[in-house]
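Quick notes on the structure that follows.
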Amino acid sequence: MHEHDGEPTVGIWTRRLVIFLRVMAGVSLLKGLYHWSRICGVGVSDEDLYVTHAIAWQTATVFFAVIDLVAAVGLWLAAAWGAVIWLTAVASMIAVQLFFPQVFGRGMFSILFEAGVLAVYLMLALKAAREQPV
């Protein structure tokens, strides 16, 4: 797709935001596939099968298996609903790992990663919003 003369151009921060959203779409896709692999028992031991876990773990795993893949599609399309679903997934993962460590454990790397990408998104979104004409 090419820009034509007379059409408004997209700013540099908007382009960076779209690239970031596409990268996060790939990450969300991988996270969703990871959760589905846990549900289906791919690459897990007999002691770690889906049915052997607590109901809280099973529920959270299904939730993230679905929401991460939906977010991946929306982020790749750079749709507003994709960012909303992704923000819901990120905030939910932070909340689960921070306040309910009995479900997935308290993975500090995961919490810091999710909070870091959330901060990067907010910074890029604010800069992209400032370069848009009013």
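Naming works like this for the structure tokens: A, B, ... for the chains as they're shown, residue 1 at the start of each chain, ligands 1 onward in shown order.
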
Note to self: For the structure I just gave you, how does DSSP split range 75-132 of chain A - specifically, which residues are helix (DSSP H, G or I)? Reply as a count of residues only.
What the structure shows: 49

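The shell of residues at most 12 Å from range 48-59 of chain A, with only C-alpha atoms counted and near chain neighbours (fewer than 4 positions) removed, consists of His35, Trp36, Ser37, Arg38, Ile39, Cys40, Gly41, Val42, Gly43, Val44, Phe63, Phe64, Ala65, Val66, Val96, Gln97, Phe100, Pro101, Gln102, Val103, Phe104 and Gly105 of chain A.
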
Next item on the list: Write out as a ChimeraX atom specification which residues come within 12 Å of Ala128 in chain A when counting only C-alpha atoms, dropping same-chain ones fewer than 2 positions away.
Entry: /A:10-18,121-126,130-133

Limited to N, CA, C and O atoms, could you put the picked residues into a file as a JSON list (two decimals), in the first residue's frame?
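Printed below is again11.json as written:
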```
[["chain", "number", "residue", "atom", "x", "y", "z"],
["A", 10, "VAL", "N", 0.93, 9.38, 7.73],
["A", 10, "VAL", "CA", 0.91, 8.85, 9.09],
["A", 10, "VAL", "C", 2.21, 9.26, 9.75],
["A", 10, "VAL", "O", 3.29, 9.15, 9.16],
["A", 11, "GLY", "N", 2.12, 9.72, 10.98],
["A", 11, "GLY", "CA", 3.29, 10.18, 11.71],
["A", 11, "GLY", "C", 4.22, 9.04, 12.12],
["A", 11, "GLY", "O", 3.83, 7.87, 12.14],
["A", 12, "ILE", "N", 5.43, 9.40, 12.48],
["A", 12, "ILE", "CA", 6.44, 8.42, 12.86],
["A", 12, "ILE", "C", 6.04, 7.66, 14.13],
["A", 12, "ILE", "O", 6.27, 6.46, 14.25],
["A", 13, "TRP", "N", 5.41, 8.34, 15.09],
["A", 13, "TRP", "CA", 5.01, 7.67, 16.33],
["A", 13, "TRP", "C", 3.86, 6.71, 16.09],
["A", 13, "TRP", "O", 3.78, 5.67, 16.74],
["A", 14, "THR", "N", 2.99, 7.03, 15.16],
["A", 14, "THR", "CA", 1.90, 6.11, 14.81],
["A", 14, "THR", "C", 2.47, 4.86, 14.16],
["A", 14, "THR", "O", 2.04, 3.75, 14.45],
["A", 15, "ARG", "N", 3.46, 5.05, 13.30],
["A", 15, "ARG", "CA", 4.12, 3.88, 12.67],
["A", 15, "ARG", "C", 4.80, 3.01, 13.73],
["A", 15, "ARG", "O", 4.71, 1.78, 13.68],
["A", 16, "ARG", "N", 5.47, 3.65, 14.67],
["A", 16, "ARG", "CA", 6.13, 2.90, 15.74],
["A", 16, "ARG", "C", 5.12, 2.16, 16.60],
["A", 16, "ARG", "O", 5.36, 1.03, 17.04],
["A", 17, "LEU", "N", 3.99, 2.80, 16.85],
["A", 17, "LEU", "CA", 2.93, 2.15, 17.63],
["A", 17, "LEU", "C", 2.41, 0.91, 16.91],
["A", 17, "LEU", "O", 2.21, -0.14, 17.53],
["A", 18, "VAL", "N", 2.19, 1.00, 15.62],
["A", 18, "VAL", "CA", 1.70, -0.14, 14.85],
["A", 18, "VAL", "C", 2.73, -1.27, 14.85],
["A", 18, "VAL", "O", 2.36, -2.45, 15.00],
["A", 121, "TYR", "N", 3.57, 0.66, 25.67],
["A", 121, "TYR", "CA", 2.35, 0.92, 24.90],
["A", 121, "TYR", "C", 1.77, 2.30, 25.23],
["A", 121, "TYR", "O", 1.41, 3.07, 24.34],
["A", 122, "LEU", "N", 1.67, 2.59, 26.52],
["A", 122, "LEU", "CA", 1.11, 3.87, 26.93],
["A", 122, "LEU", "C", 1.94, 5.04, 26.41],
["A", 122, "LEU", "O", 1.40, 6.05, 25.94],
["A", 123, "MET", "N", 3.27, 4.91, 26.47],
["A", 123, "MET", "CA", 4.14, 5.97, 25.96],
["A", 123, "MET", "C", 3.95, 6.17, 24.46],
["A", 123, "MET", "O", 3.79, 7.29, 23.98],
["A", 124, "LEU", "N", 3.94, 5.07, 23.70],
["A", 124, "LEU", "CA", 3.77, 5.17, 22.25],
["A", 124, "LEU", "C", 2.39, 5.71, 21.88],
["A", 124, "LEU", "O", 2.26, 6.52, 20.96],
["A", 125, "ALA", "N", 1.37, 5.27, 22.60],
["A", 125, "ALA", "CA", 0.01, 5.74, 22.30],
["A", 125, "ALA", "C", -0.13, 7.23, 22.57],
["A", 125, "ALA", "O", -0.77, 7.95, 21.79],
["A", 126, "LEU", "N", 0.47, 7.71, 23.65],
["A", 126, "LEU", "CA", 0.41, 9.15, 23.95],
["A", 126, "LEU", "C", 1.16, 9.96, 22.90],
["A", 126, "LEU", "O", 0.67, 11.01, 22.45],
["A", 130, "ARG", "N", -0.50, 12.71, 20.17],
["A", 130, "ARG", "CA", -0.07, 14.10, 20.09],
["A", 130, "ARG", "C", 0.23, 14.54, 18.67],
["A", 130, "ARG", "O", 0.13, 15.72, 18.35],
["A", 131, "GLU", "N", 0.65, 13.61, 17.82],
["A", 131, "GLU", "CA", 1.01, 14.02, 16.46],
["A", 131, "GLU", "C", -0.18, 14.04, 15.52],
["A", 131, "GLU", "O", -0.05, 14.48, 14.38],
["A", 132, "GLN", "N", -1.35, 13.61, 15.97],
["A", 132, "GLN", "CA", -2.54, 13.63, 15.14],
["A", 132, "GLN", "C", -3.13, 15.03, 15.11],
["A", 132, "GLN", "O", -3.21, 15.70, 16.14],
["A", 133, "PRO", "N", -3.57, 15.49, 13.96],
["A", 133, "PRO", "CA", -4.20, 16.81, 13.90],
["A", 133, "PRO", "C", -5.55, 16.77, 14.64],
["A", 133, "PRO", "O", -6.23, 15.78, 14.64]]
```

Next item on the list: For Ile85 in chain A, please output as a list of chain:residue names all residues within 8 Å (counting only C-alpha atoms; exclusion window: fewer than 2 positions along the same chain).
Entry: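 In the requested format, the answer is A:Ile67, A:Val70, A:Ala71, A:Gly74, A:Trp81, A:Gly82, A:Ala83, A:Leu87, A:Thr88, A:Ala89.
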